[in-house]
$ cat start_21.txt   # compact mmCIF, C-alpha atoms
# COMPACT_ATOMS: atom_id res chain seq x y z
CA MET I 1 -19.21 8.21 -12.00
CA SER I 2 -19.54 5.42 -14.54
CA LEU I 3 -18.75 1.81 -13.66
CA ARG I 4 -18.01 1.11 -17.32
CA ILE I 5 -15.33 3.80 -17.45
CA THR I 6 -13.93 2.76 -14.06
CA PHE I 7 -13.58 -0.87 -15.19
CA SER I 8 -12.16 0.24 -18.55
CA THR I 9 -9.51 2.29 -16.77
CA ALA I 10 -8.69 -0.62 -14.48
CA ALA I 11 -8.37 -2.95 -17.48
CA ARG I 12 -5.99 -0.53 -19.22
CA ILE I 13 -3.74 -0.32 -16.15
CA LEU I 14 -3.74 -4.11 -15.72
CA ARG I 15 -2.71 -4.55 -19.36
CA GLN I 16 0.18 -2.17 -18.78
CA LEU I 17 1.22 -4.03 -15.63
CA ARG I 18 1.05 -7.40 -17.39
CA HIS I 19 3.59 -6.28 -19.99
CA ASP I 20 5.95 -4.64 -17.47
CA LYS I 21 8.12 -7.43 -16.08
CA ARG I 22 10.01 -5.09 -13.75
CA THR I 23 6.79 -3.96 -12.12
CA ILE I 24 5.59 -7.55 -11.74
CA ALA I 25 8.90 -8.38 -10.06
CA MET I 26 8.52 -5.35 -7.80
CA ILE I 27 5.04 -6.46 -6.76
CA VAL I 28 5.67 -10.18 -6.23
CA VAL I 29 9.38 -10.98 -6.09
CA VAL I 30 10.77 -8.07 -4.05
CA PRO I 31 8.56 -8.44 -0.93
CA THR I 32 9.04 -12.21 -1.00
CA LEU I 33 12.81 -11.78 -1.18
CA LEU I 34 12.84 -9.19 1.61
CA LEU I 35 10.76 -11.43 3.85
CA THR I 36 13.10 -14.36 3.14
CA ILE I 37 16.10 -12.24 4.09
CA LEU I 38 14.33 -11.24 7.29
CA ARG I 39 13.65 -14.90 8.05
CA TYR I 40 17.35 -15.74 7.95
CA ILE I 41 18.36 -12.62 9.86
CA PHE I 42 16.36 -14.13 12.73
CA ASP I 43 17.37 -17.70 12.01
CA GLY I 44 17.06 -19.61 15.29
CA GLN I 45 14.64 -17.02 16.69
CA PRO I 46 11.29 -18.13 15.23
CA ALA I 47 9.22 -16.13 17.73
CA VAL I 48 11.01 -12.91 16.79
CA PHE I 49 10.60 -13.60 13.08
CA SER I 50 6.90 -14.37 13.51
CA ARG I 51 6.36 -11.06 15.31
CA ILE I 52 8.36 -8.86 12.95
CA GLY I 53 7.65 -10.83 9.79
CA LEU I 54 3.91 -10.59 10.41
CA ILE I 55 4.11 -6.80 10.57
CA MET I 56 6.32 -6.69 7.48
CA LEU I 57 3.56 -8.50 5.58
CA GLY I 58 1.70 -5.21 5.89
CA VAL I 59 4.58 -2.75 5.71
CA PHE I 60 6.26 -4.12 2.57
CA PRO I 61 3.09 -3.99 0.40
CA PHE I 62 2.33 -0.47 1.69
CA VAL I 63 5.77 0.83 0.71
CA ILE I 64 5.96 -0.95 -2.64
CA MET I 65 2.47 0.10 -3.74
CA PHE I 66 3.19 3.68 -2.69
CA LEU I 67 6.28 3.76 -4.90
CA LEU I 68 4.66 2.05 -7.87
CA THR I 69 1.49 4.11 -7.95
CA SER I 70 3.13 7.48 -7.29
CA VAL I 71 5.49 6.90 -10.22
CA ALA I 72 2.78 5.39 -12.46
CA MET I 73 0.36 8.27 -11.89
CA LEU I 74 3.16 10.80 -12.37
CA ARG I 75 3.87 9.27 -15.78
CA GLU I 76 0.19 9.67 -16.66
CA ARG I 77 0.32 13.31 -15.59
CA THR I 78 3.58 14.22 -17.34
CA SER I 79 2.91 12.25 -20.54
CA GLY I 80 -0.31 14.17 -21.16
CA THR I 81 -2.51 11.07 -20.83
CA LEU I 82 -4.51 12.52 -17.96
CA GLU I 83 -4.82 15.89 -19.65
CA ARG I 84 -6.27 14.24 -22.76
CA LEU I 85 -8.65 12.10 -20.73
CA LEU I 86 -9.88 15.09 -18.75
CA THR I 87 -10.94 16.88 -21.93
CA THR I 88 -13.63 14.17 -22.23
CA PRO I 89 -16.69 13.65 -20.02
CA VAL I 90 -14.71 11.13 -17.94
CA HIS I 91 -15.17 11.87 -14.24
CA LYS I 92 -12.04 12.30 -12.14
CA LEU I 93 -13.24 9.64 -9.71
CA ASP I 94 -13.60 7.18 -12.61
CA LEU I 95 -9.88 7.54 -13.21
CA LEU I 96 -8.81 7.37 -9.57
CA PHE I 97 -11.06 4.45 -8.67
CA GLY I 98 -10.04 2.67 -11.88
CA TYR I 99 -6.43 2.94 -10.77
CA GLY I 100 -7.48 1.86 -7.31
CA LEU I 101 -9.26 -1.23 -8.60
CA ALA I 102 -6.32 -2.27 -10.80
CA PHE I 103 -3.75 -1.92 -8.08
CA ALA I 104 -6.09 -3.52 -5.54
CA LEU I 105 -6.12 -6.65 -7.72
CA ALA I 106 -2.32 -6.47 -7.97
CA ALA I 107 -2.20 -6.09 -4.19
CA ALA I 108 -4.38 -9.17 -3.75
CA VAL I 109 -1.97 -11.23 -5.87
CA GLN I 110 0.97 -9.83 -3.94
CA ALA I 111 -0.59 -10.58 -0.55
CA ALA I 112 -1.55 -14.11 -1.60
CA VAL I 113 1.93 -14.97 -2.87
CA VAL I 114 3.88 -13.38 -0.02
CA SER I 115 1.59 -14.78 2.68
CA ALA I 116 1.77 -18.26 1.16
CA VAL I 117 5.57 -18.13 1.12
CA ALA I 118 5.65 -16.78 4.69
CA TYR I 119 3.41 -19.51 6.11
CA TRP I 120 4.43 -22.52 4.02
CA LEU I 121 8.13 -21.95 3.35
CA LEU I 122 9.37 -19.53 6.01
CA ASP I 123 7.49 -21.05 8.97
CA LEU I 124 5.65 -17.90 10.00
CA THR I 125 3.20 -18.74 12.79
CA THR I 126 0.29 -16.70 14.14
CA LEU I 127 -2.56 -17.44 16.49
CA GLY I 128 -5.00 -15.79 14.10
CA SER I 129 -6.01 -17.12 10.69
CA ALA I 130 -3.82 -16.64 7.63
CA TRP I 131 -6.80 -15.23 5.71
CA LEU I 132 -7.07 -12.36 8.20
CA VAL I 133 -3.40 -11.60 7.63
CA GLY I 134 -4.10 -11.60 3.88
CA VAL I 135 -7.02 -9.21 4.25
CA LEU I 136 -4.93 -6.78 6.28
CA ALA I 137 -1.99 -7.09 3.87
CA ILE I 138 -4.28 -6.24 0.94
CA ALA I 139 -5.81 -3.33 2.88
CA ASN I 140 -2.34 -1.95 3.64
CA ALA I 141 -1.26 -2.29 0.01
CA VAL I 142 -4.39 -0.48 -1.19
CA LEU I 143 -3.77 2.25 1.38
CA GLY I 144 -0.21 2.68 0.09
CA MET I 145 -1.61 2.84 -3.43
CA ALA I 146 -4.13 5.56 -2.53
CA ILE I 147 -1.53 7.68 -0.77
CA GLY I 148 0.83 7.21 -3.71
CA LEU I 149 -1.81 8.44 -6.16
CA PHE I 150 -2.37 11.52 -4.03
CA ALA I 151 1.36 12.15 -3.53
CA SER I 152 2.04 12.06 -7.28
CA ALA I 153 0.44 15.51 -7.55
CA PHE I 154 3.37 17.00 -5.64
CA ALA I 155 6.14 15.65 -7.89
CA ARG I 156 7.38 16.85 -11.25
CA SER I 157 9.69 13.93 -12.01
CA GLU I 158 10.05 10.28 -11.07
CA PHE I 159 13.01 11.18 -8.90
CA GLN I 160 10.86 13.62 -6.95
CA ALA I 161 8.17 10.95 -6.58
CA VAL I 162 10.72 8.62 -4.98
CA GLN I 163 11.89 11.47 -2.74
CA LEU I 164 8.40 11.69 -1.27
CA MET I 165 8.82 8.31 0.40
CA PRO I 166 11.09 9.56 3.22
CA ALA I 167 8.63 12.35 3.95
CA LEU I 168 5.41 10.33 3.85
CA VAL I 169 6.39 6.73 4.62
CA LEU I 170 9.45 6.66 6.89
CA PRO I 171 7.86 8.72 9.71
CA GLN I 172 4.98 6.25 9.74
CA PHE I 173 7.42 3.33 9.87
CA LEU I 174 9.23 4.87 12.85
CA LEU I 175 6.04 5.69 14.76
CA CYS I 176 3.82 2.72 13.87
CA GLY I 177 4.72 0.68 16.95
CA LEU I 178 7.19 -1.71 15.34
CA LEU I 179 10.32 -0.24 16.96
CA SER I 180 8.70 0.76 20.23
CA PRO I 181 5.17 0.37 21.66
CA ARG I 182 3.21 3.50 20.86
CA ASP I 183 1.99 3.91 24.43
CA GLN I 184 5.60 4.05 25.61
CA MET I 185 6.57 6.91 23.30
CA ALA I 186 6.77 10.54 24.34
CA GLY I 187 3.28 12.00 24.51
CA TRP I 188 3.66 14.20 21.44
CA LEU I 189 5.03 11.29 19.39
CA GLU I 190 2.17 9.06 20.47
CA ALA I 191 -0.28 11.80 19.45
CA ILE I 192 1.30 11.94 15.99
CA SER I 193 1.27 8.15 15.68
CA ASN I 194 -2.45 8.14 16.50
CA VAL I 195 -3.22 10.01 13.26
CA LEU I 196 -0.93 7.96 10.99
CA PRO I 197 -2.69 5.15 9.12
CA MET I 198 0.23 2.72 9.27
CA SER I 199 -0.15 2.66 13.07
CA TYR I 200 -3.52 0.97 12.63
CA ALA I 201 -2.17 -1.40 9.99
CA VAL I 202 0.48 -2.60 12.44
CA GLU I 203 -2.01 -2.75 15.31
CA GLY I 204 -4.37 -4.89 13.26
CA LEU I 205 -1.65 -7.34 12.27
CA THR I 206 -0.41 -7.52 15.85
CA GLU I 207 -3.95 -8.40 16.92
CA VAL I 208 -4.03 -11.26 14.41
CA GLY I 209 -0.75 -12.57 15.77
CA ALA I 210 -2.01 -12.53 19.36
CA ASN I 211 -5.65 -13.66 19.04
CA VAL I 212 -7.23 -16.80 17.63
CA GLU I 213 -10.50 -15.06 16.70
CA ALA I 214 -11.14 -11.71 15.06
CA THR I 215 -11.40 -8.90 17.60
CA ALA I 216 -13.16 -5.57 17.75
CA THR I 217 -9.77 -3.87 17.49
CA MET I 218 -9.12 -5.61 14.16
CA GLY I 219 -12.47 -4.37 12.87
CA LYS I 220 -11.73 -0.84 14.03
CA ASP I 221 -8.29 -0.89 12.41
CA LEU I 222 -9.67 -2.17 9.10
CA ALA I 223 -12.34 0.55 9.15
CA ILE I 224 -9.72 3.25 9.76
CA ILE I 225 -7.52 1.90 6.96
CA ALA I 226 -10.50 1.83 4.58
CA GLY I 227 -11.50 5.35 5.60
CA CYS I 228 -7.97 6.68 5.06
CA THR I 229 -7.87 4.99 1.66
CA ILE I 230 -11.12 6.64 0.55
CA VAL I 231 -9.99 10.04 1.83
CA ALA I 232 -6.66 9.72 -0.02
CA LEU I 233 -8.47 8.80 -3.26
CA LEU I 234 -10.84 11.75 -2.90
CA LEU I 235 -7.92 14.10 -2.21
CA GLY I 236 -6.16 12.64 -5.23
CA ALA I 237 -9.23 13.37 -7.37
CA GLY I 238 -9.08 16.95 -6.13
CA THR I 239 -5.57 17.34 -7.55
CA LEU I 240 -6.74 16.51 -11.08
CA ARG I 241 -7.53 19.57 -13.17
CA ARG I 242 -10.11 19.24 -15.94
CA ARG I 243 -9.23 20.82 -19.28
CA THR I 244 -11.92 22.23 -21.54
CA GLY I 245 -10.01 22.51 -24.76

$ encode --input "start_21.txt" --output "structure tokens"
Amino acid sequence: MSLRITFSTAARILRQLRHDKRTIAMIVVVPTLLLTILRYIFDGQPAVFSRIGLIMLGVFPFVIMFLLTSVAMLRERTSGTLERLLTTPVHKLDLLFGYGLAFALAAAVQAAVVSAVAYWLLDLTTLGSAWLVGVLAIANAVLGMAIGLFASAFARSEFQAVQLMPALVLPQFLLCGLLSPRDQMAGWLEAISNVLPMSYAVEGLTEVGANVEATATMGKDLAIIAGCTIVALLLGAGTLRRRTG
């Protein structure tokens, strides 16, 4: 790997994002709007909003980054950009981690804006610190990005990339513990939820909402999210095929 190539790739992706107003709106405006709608759905029930809204601060970035990166990487694959790059000495991990770095920065902006709106304008309250919520929100967004990069290998069109969301994201949403505590699910469903990364994202955010100080469970959840992100990036690198001519 080359840090120069990784940073160059990240810079190229950030330039593309900067000139794509629809993508910027998708990253910043859409999750803010969804959280605002959620706030007024539970108008008069601040405790309910704080519980569900806190979890959505992790779920929304995960879903949005999954969609954006799966479609963006698919465009790179189908346009021939990746094929041309892979005829050069560029390492596959340079490309994947360059994408990861670019979207991680986008995720940081997203988490900062949405968290600020949630705490300052929508009256979200948590026992834990807002910065811990931000860290977990960024981690969840980066995880969604990594899974999206990997998933793009299994699509041949943007429509197919969007179709992957019900298969890869919705089961995690149903089993993550938001709708029902995981330990109260049927045994086989709980076993499945235990291997789904979003379960640990939700668990970590729930811990922030219920504890003033950082806990060992938060640390474990962050480690699992980071591990899943690295595995997804490595699997994504394995789907890239180097051309020699």

$ residues_around --input "start_21.txt" --residues "Arg12 of chain I" --least-positions-apart "4" --cutoff "9 Å" --atoms "only C-alpha atoms" --output "list in words"
Phe7, Ser8, Gln16, Leu17, Gly98 and Ala102 of chain I

$ closest_atom_pairs --input "start_21.txt" --of "segment 68-166 of chain I" --to "segment 55-60 of chain I" --cutoff "7 Å" --atoms "only C-alpha atoms" --output "tab-separated table"
residue	atom	partner	partner_atom	distance
I:Leu136	CA	I:Gly58	CA	6.8
I:Ala137	CA	I:Gly58	CA	4.6
I:Asn140	CA	I:Gly58	CA	5.7

$ closest_residue --input "start_21.txt" --among "I:Trp188, I:Phe62, I:Phe49, I:Tyr40" --to "Leu124 of chain I" --atoms "all atoms listed in the file"
I:Phe49

$ atom_distance --input "start_21.txt" --atom1 "atom CA of Gly44 of chain I" --atom2 "atom CA of Ile64 of chain I"
28.2 Å

$ atom_distance --input "start_21.txt" --atom1 "atom CA of Thr206 of chain I" --atom2 "atom CA of Leu132 of chain I"
11.2 Å

$ residues_around --input "start_21.txt" --residues "segment 158-163 of chain I" --least-positions-apart "2" --cutoff "7 Å" --atoms "all atoms listed in the file" --output "NGL selection string"
:I and (67 or 70-71 or 152 or 155-156 or 165-166)

$ closest_residue --input "start_21.txt" --among "I:Gly100, I:Gly209, I:Gly134, I:Gly219" --to "Gly236 of chain I" --atoms "all atoms listed in the file"
I:Gly100

$ residues_near_point --input "start_21.txt" --point "(-13.7, -0.6, -14.7)" --cutoff "12 Å" --atoms "all atoms listed in the file" --output "ChimeraX atom specification"
/I:1-14,93-102,105

$ closest_residue --input "start_21.txt" --among "I:Ala111, I:Met185, I:Leu121, I:Met65" --to "Thr36 of chain I" --atoms "all atoms listed in the file"
I:Leu121

$ atom_distance --input "start_21.txt" --atom1 "atom CA of Gln45 of chain I" --atom2 "atom CA of Tyr119 of chain I"
15.6 Å

$ residues_around --input "start_21.txt" --residues "Ala139 of chain I" --least-positions-apart "4" --cutoff "10 Å" --atoms "only C-alpha atoms" --output "list in words"
Gly58, Pro61, Phe62, Ala104, Ala107, Ala108, Ala111, Val133, Gly134, Val135, Leu143, Gly144, Met145, Ala201, Leu222, Ala223, Ile225, Ala226 and Thr229 of chain I

$ closest_residue --input "start_21.txt" --among "I:Ala191, I:Leu149, I:Leu34, I:Cys228" --to "Leu68 of chain I" --atoms "all atoms listed in the file"
I:Leu149

$ residues_near_point --input "start_21.txt" --point "(-2.0, -14.0, 10.9)" --cutoff "7 Å" --atoms "all atoms listed in the file" --output "list in words"
Leu54, Thr126, Leu127, Gly128, Ser129, Ala130, Leu132, Val133, Leu205, Val208 and Gly209 of chain I

$ closest_residue --input "start_21.txt" --among "I:Leu168, I:Val117, I:Leu179, I:Leu196" --to "Arg39 of chain I" --atoms "all atoms listed in the file"
I:Val117

$ residues_around --input "start_21.txt" --residues "Val109 of chain I" --least-positions-apart "6" --cutoff "9 Å" --atoms "only C-alpha atoms" --output "list of chain:residue names"
I:Ile27, I:Val28, I:Ile138

$ closest_residue --input "start_21.txt" --among "I:Leu33, I:Met26, I:Ala210, I:Ala72" --to "Ala153 of chain I" --atoms "only C-alpha atoms"
I:Ala72

$ decode --input "start_21.txt" --residues "segment 173-186 of chain I" --atoms "all heavy atoms" --output "compact mmCIF listing (two decimals), in the first residue's frame"
# COMPACT_ATOMS: atom_id res chain seq x y z
N PHE I 173 -31.88 -4.12 10.65
CA PHE I 173 -32.76 -3.16 11.31
C PHE I 173 -33.80 -3.89 12.17
O PHE I 173 -34.09 -3.49 13.30
CB PHE I 173 -33.45 -2.28 10.27
CG PHE I 173 -34.41 -1.28 10.84
CD1 PHE I 173 -33.94 -0.08 11.37
CD2 PHE I 173 -35.77 -1.54 10.87
CE1 PHE I 173 -34.83 0.84 11.92
CE2 PHE I 173 -36.65 -0.62 11.41
CZ PHE I 173 -36.18 0.57 11.93
N LEU I 174 -34.35 -4.98 11.65
CA LEU I 174 -35.38 -5.71 12.37
C LEU I 174 -34.82 -6.44 13.60
O LEU I 174 -35.53 -6.62 14.60
CB LEU I 174 -36.05 -6.73 11.43
CG LEU I 174 -36.87 -6.14 10.28
CD1 LEU I 174 -37.35 -7.26 9.36
CD2 LEU I 174 -38.06 -5.35 10.80
N LEU I 175 -33.55 -6.86 13.52
CA LEU I 175 -32.99 -7.71 14.56
C LEU I 175 -32.00 -6.99 15.47
O LEU I 175 -31.39 -7.62 16.33
CB LEU I 175 -32.30 -8.93 13.93
CG LEU I 175 -33.21 -9.87 13.11
CD1 LEU I 175 -32.38 -10.96 12.45
CD2 LEU I 175 -34.29 -10.47 13.99
N CYS I 176 -31.84 -5.67 15.29
CA CYS I 176 -30.79 -4.96 16.02
C CYS I 176 -31.15 -4.66 17.47
O CYS I 176 -30.31 -4.21 18.24
CB CYS I 176 -30.43 -3.66 15.30
SG CYS I 176 -31.74 -2.41 15.33
N GLY I 177 -32.41 -4.87 17.84
CA GLY I 177 -32.83 -4.57 19.21
C GLY I 177 -33.67 -3.32 19.33
O GLY I 177 -34.11 -2.97 20.43
N LEU I 178 -33.92 -2.63 18.23
CA LEU I 178 -34.75 -1.43 18.27
C LEU I 178 -36.21 -1.77 18.49
O LEU I 178 -36.90 -1.18 19.32
CB LEU I 178 -34.58 -0.61 16.99
CG LEU I 178 -35.52 0.60 16.82
CD1 LEU I 178 -35.27 1.61 17.92
CD2 LEU I 178 -35.34 1.23 15.45
N LEU I 179 -36.72 -2.76 17.76
CA LEU I 179 -38.14 -3.11 17.83
C LEU I 179 -38.45 -4.01 19.02
O LEU I 179 -39.55 -3.96 19.56
CB LEU I 179 -38.57 -3.80 16.52
CG LEU I 179 -38.32 -3.00 15.24
CD1 LEU I 179 -38.80 -3.78 14.03
CD2 LEU I 179 -39.04 -1.65 15.31
N SER I 180 -37.49 -4.83 19.39
CA SER I 180 -37.67 -5.74 20.51
C SER I 180 -36.31 -6.06 21.09
O SER I 180 -35.34 -6.22 20.34
CB SER I 180 -38.35 -7.03 20.04
OG SER I 180 -38.41 -8.00 21.09
N PRO I 181 -36.18 -6.13 22.43
CA PRO I 181 -34.88 -6.50 23.02
C PRO I 181 -34.38 -7.83 22.45
O PRO I 181 -35.15 -8.78 22.32
CB PRO I 181 -35.19 -6.61 24.52
CG PRO I 181 -36.39 -5.73 24.72
CD PRO I 181 -37.20 -5.86 23.46
N ARG I 182 -33.11 -7.87 22.12
CA ARG I 182 -32.57 -9.07 21.49
C ARG I 182 -32.68 -10.30 22.37
O ARG I 182 -32.92 -11.41 21.87
CB ARG I 182 -31.10 -8.82 21.11
CG ARG I 182 -30.94 -7.80 19.99
CD ARG I 182 -29.54 -7.25 19.92
NE ARG I 182 -28.56 -8.30 19.81
CZ ARG I 182 -27.32 -8.22 20.28
NH1 ARG I 182 -26.93 -7.13 20.91
NH2 ARG I 182 -26.49 -9.21 20.12
N ASP I 183 -32.56 -10.12 23.68
CA ASP I 183 -32.62 -11.29 24.56
C ASP I 183 -34.04 -11.79 24.77
O ASP I 183 -34.25 -12.82 25.42
CB ASP I 183 -31.97 -10.98 25.92
CG ASP I 183 -32.62 -9.80 26.64
OD1 ASP I 183 -33.65 -9.28 26.14
OD2 ASP I 183 -32.11 -9.40 27.70
N GLN I 184 -35.02 -11.09 24.20
CA GLN I 184 -36.41 -11.55 24.27
C GLN I 184 -36.88 -12.16 22.95
O GLN I 184 -38.04 -12.56 22.82
CB GLN I 184 -37.32 -10.40 24.67
CG GLN I 184 -37.07 -9.87 26.08
CD GLN I 184 -38.00 -8.74 26.46
OE1 GLN I 184 -39.05 -8.53 25.84
NE2 GLN I 184 -37.62 -7.98 27.49
N MET I 185 -35.99 -12.22 21.96
CA MET I 185 -36.34 -12.82 20.68
C MET I 185 -36.26 -14.34 20.78
O MET I 185 -35.69 -14.89 21.72
CB MET I 185 -35.36 -12.34 19.59
CG MET I 185 -35.41 -10.86 19.29
SD MET I 185 -34.16 -10.41 18.05
CE MET I 185 -34.38 -8.64 17.97
N ALA I 186 -36.84 -15.01 19.79
CA ALA I 186 -36.65 -16.45 19.67
C ALA I 186 -35.16 -16.75 19.60
O ALA I 186 -34.38 -15.94 19.06
CB ALA I 186 -37.37 -16.97 18.43
